[in-house]
$ cat final.tsv   # TSV, C-alpha atoms
chain	number	residue	atom	x	y	z
E	210	MET	CA	-26.65	-23.39	-4.08
E	211	ASP	CA	-25.46	-19.94	-2.96
E	212	LYS	CA	-22.03	-20.49	-1.41
E	213	LYS	CA	-21.67	-16.98	0.01
E	214	CYS	CA	-21.60	-16.35	3.74
E	215	GLN	CA	-25.08	-15.69	5.16
E	216	PHE	CA	-23.84	-13.36	7.92
E	217	ILE	CA	-25.54	-9.95	7.93
E	218	LYS	CA	-23.21	-7.14	9.02
E	219	SER	CA	-24.22	-4.33	11.37
E	220	ASN	CA	-24.73	-2.05	8.34
E	221	GLY	CA	-27.33	-4.48	6.97
E	222	GLU	CA	-25.13	-5.78	4.15
E	223	ARG	CA	-24.51	-9.46	3.68
E	224	CYS	CA	-20.93	-10.72	4.01
E	225	LYS	CA	-19.47	-11.31	0.54
E	226	ALA	CA	-16.94	-14.01	1.51
E	227	PHE	CA	-17.36	-17.60	0.43
E	228	ALA	CA	-18.98	-19.91	2.97
E	229	THR	CA	-16.94	-22.85	4.24
E	230	LYS	CA	-17.74	-26.49	3.72
E	231	GLU	CA	-17.31	-27.03	7.47
E	232	SER	CA	-20.18	-24.61	8.19
E	233	GLY	CA	-22.47	-26.40	5.74
E	234	TYR	CA	-21.87	-23.50	3.33
E	235	LYS	CA	-23.68	-21.12	5.70
E	236	TYR	CA	-20.81	-18.92	6.94
E	237	CYS	CA	-17.30	-17.92	5.93
E	238	PHE	CA	-14.34	-18.93	8.07
E	239	PHE	CA	-14.44	-15.74	10.13
E	240	HIS	CA	-18.20	-15.72	10.76
E	241	SER	CA	-18.32	-19.44	11.57
E	242	LEU	CA	-16.15	-18.80	14.64
E	243	SER	CA	-17.61	-18.28	18.08
E	244	ASP	CA	-17.65	-14.66	19.26
E	245	GLU	CA	-14.79	-15.46	21.64
E	246	LYS	CA	-12.63	-17.06	18.91
E	247	ARG	CA	-13.44	-14.25	16.47
E	248	GLN	CA	-12.39	-11.62	19.02
E	249	GLU	CA	-9.22	-13.61	19.78
E	250	LEU	CA	-8.39	-13.69	16.06
E	251	ILE	CA	-9.02	-9.95	15.72
E	252	GLU	CA	-6.71	-9.24	18.66
E	253	LYS	CA	-3.99	-11.53	17.27
E	254	ARG	CA	-4.14	-9.76	13.91
E	255	LYS	CA	-4.00	-6.34	15.55
E	256	GLN	CA	-0.95	-7.43	17.55
E	257	ALA	CA	0.67	-8.93	14.46
E	258	VAL	CA	0.31	-5.62	12.61
E	259	LYS	CA	1.81	-3.77	15.60
E	260	ASP	CA	4.77	-6.19	15.60
E	261	PHE	CA	5.76	-5.22	12.07
E	262	SER	CA	7.44	-1.98	11.22
E	263	LEU	CA	6.35	-0.51	7.91
E	264	LYS	CA	9.28	1.90	8.10
E	265	SER	CA	11.70	-0.65	6.69
E	266	GLU	CA	11.68	-2.89	3.67
E	267	GLN	CA	12.30	-5.91	5.90
E	268	GLY	CA	9.28	-5.01	8.02
E	269	VAL	CA	7.07	-4.76	4.94
E	270	LEU	CA	8.34	-8.12	3.71
E	271	ARG	CA	7.61	-9.69	7.11
E	272	LEU	CA	4.10	-8.26	7.12
E	273	LEU	CA	3.42	-9.48	3.58
E	274	ALA	CA	4.67	-12.95	4.54
E	275	LYS	CA	2.34	-12.90	7.57
E	276	LEU	CA	-0.62	-11.81	5.41
E	277	ILE	CA	0.08	-14.58	2.93
E	278	PHE	CA	0.19	-17.09	5.78
E	279	ASP	CA	-3.09	-15.72	7.20
E	280	VAL	CA	-4.82	-16.11	3.83
E	281	PHE	CA	-3.64	-19.72	3.58
E	282	GLU	CA	-4.49	-20.39	7.22
E	283	ALA	CA	-8.24	-19.90	6.63
E	284	ASN	CA	-8.17	-23.53	5.39
E	285	ASP	CA	-11.66	-23.65	3.92
E	286	GLY	CA	-10.71	-24.47	0.36
E	287	LEU	CA	-9.04	-21.97	-1.93
E	288	SER	CA	-11.70	-19.60	-3.23
E	289	ILE	CA	-11.03	-17.53	-6.32
E	290	GLU	CA	-10.90	-14.36	-4.19
E	291	ARG	CA	-8.32	-15.88	-1.85
E	292	ALA	CA	-6.30	-17.22	-4.78
E	293	LYS	CA	-6.28	-13.72	-6.31
E	294	THR	CA	-5.30	-12.20	-2.98
E	295	ILE	CA	-2.45	-14.67	-2.56
E	296	GLY	CA	-1.31	-13.98	-6.11
E	297	LEU	CA	-1.31	-10.22	-5.57
E	298	LEU	CA	0.55	-10.53	-2.27
E	299	LEU	CA	3.15	-12.88	-3.73
E	300	ASP	CA	3.61	-10.58	-6.72
E	301	ARG	CA	4.18	-7.60	-4.42
E	302	TYR	CA	6.51	-9.64	-2.22
E	303	LEU	CA	8.62	-10.74	-5.16
E	304	LYS	CA	8.77	-7.22	-6.61
E	305	ILE	CA	10.03	-5.83	-3.31
E	306	LYS	CA	12.64	-8.60	-3.00
E	307	SER	CA	13.74	-8.06	-6.60
E	308	GLU	CA	14.06	-4.30	-6.09
E	309	LYS	CA	16.07	-4.93	-2.93
E	310	THR	CA	18.42	-7.29	-4.75
E	311	LYS	CA	18.94	-4.76	-7.55
E	312	ARG	CA	19.71	-1.99	-5.05
E	313	GLU	CA	22.17	-4.22	-3.20
E	314	GLN	CA	23.91	-5.09	-6.48
E	315	LYS	CA	24.09	-1.41	-7.41
E	316	ILE	CA	25.57	-0.57	-3.99
E	317	ARG	CA	28.24	-3.27	-4.39
E	318	GLN	CA	29.06	-1.97	-7.88
E	319	LEU	CA	29.38	1.60	-6.57
E	320	GLU	CA	31.56	0.42	-3.69
E	321	ARG	CA	33.90	-1.33	-6.17
E	322	GLU	CA	34.07	1.80	-8.34
E	323	ILE	CA	34.83	3.95	-5.30
E	324	GLU	CA	37.58	1.56	-4.25
E	325	GLU	CA	39.09	1.63	-7.74
E	326	LEU	CA	39.03	5.45	-7.74
E	327	ARG	CA	40.61	5.51	-4.30
E	328	LYS	CA	43.43	3.26	-5.48
E	329	GLU	CA	43.98	5.42	-8.56
E	330	LEU	CA	44.21	8.53	-6.38
E	331	GLU	CA	46.65	6.84	-4.02
E	332	GLU	CA	48.88	5.85	-6.95
E	333	LYS	CA	49.09	9.44	-8.16

$ encode --input "final.tsv" --output "structure tokens"
Amino acid sequence: MDKKCQFIKSNGERCKAFATKESGYKYCFFHSLSDEKRQELIEKRKQAVKDFSLKSEQGVLRLLAKLIFDVFEANDGLSIERAKTIGLLLDRYLKIKSEKTKREQKIRQLEREIEELRKELEEK
């Protein structure tokens, strides 16, 4: 049984996502929604992206967390593609957090060194 979504896109290509059990393995989560629900979901995602600033590390982390949640939220069984996506997102998330922690530690170390130098200068 072919478990890929049977939806044909406007460009004539078939959707490559896995079909959900709930749709009788005919459509993926997104294409099994009514037009109204699909449009609502699209608008929510657009708004979510607008709500996150990619100018800061915290904003990127928030957006990654939201994307991870969205991937889990599909709730149609964990396909290999979704599992890979979650893995990649989590990997990126953890790398960013790790880099942030290292930078913060380096800043604290530099602040201590500056304070020590300041004290030495004051003693002279």

$ closest_residue --input "final.tsv" --among "E:Gln248, E:Thr310, E:Ser219, E:Ser241" --to "Glu266 (chain E)" --atoms "only C-alpha atoms"
E:Thr310

$ atom_distance --input "final.tsv" --atom1 "CA of Gln267 (chain E)" --atom2 "CA of Glu308 (chain E)"
12.2 Å

$ closest_residue --input "final.tsv" --among "E:Glu324, E:Glu290, E:Leu270, E:Leu242" --to "Leu303 (chain E)" --atoms "all atoms listed in the file"
E:Leu270

$ atom_distance --input "final.tsv" --atom1 "CA of Phe216 (chain E)" --atom2 "CA of Lys253 (chain E)"
22.0 Å

$ atom_distance --input "final.tsv" --atom1 "CA of Ile277 (chain E)" --atom2 "CA of Leu299 (chain E)"
7.5 Å

$ residues_around --input "final.tsv" --residues "Gly233 (chain E)" --least-positions-apart "3" --cutoff "12 Å" --atoms "all atoms listed in the file" --output "PyMOL selection string"
chain E and resi 210-215+227-230+236-238+241+285
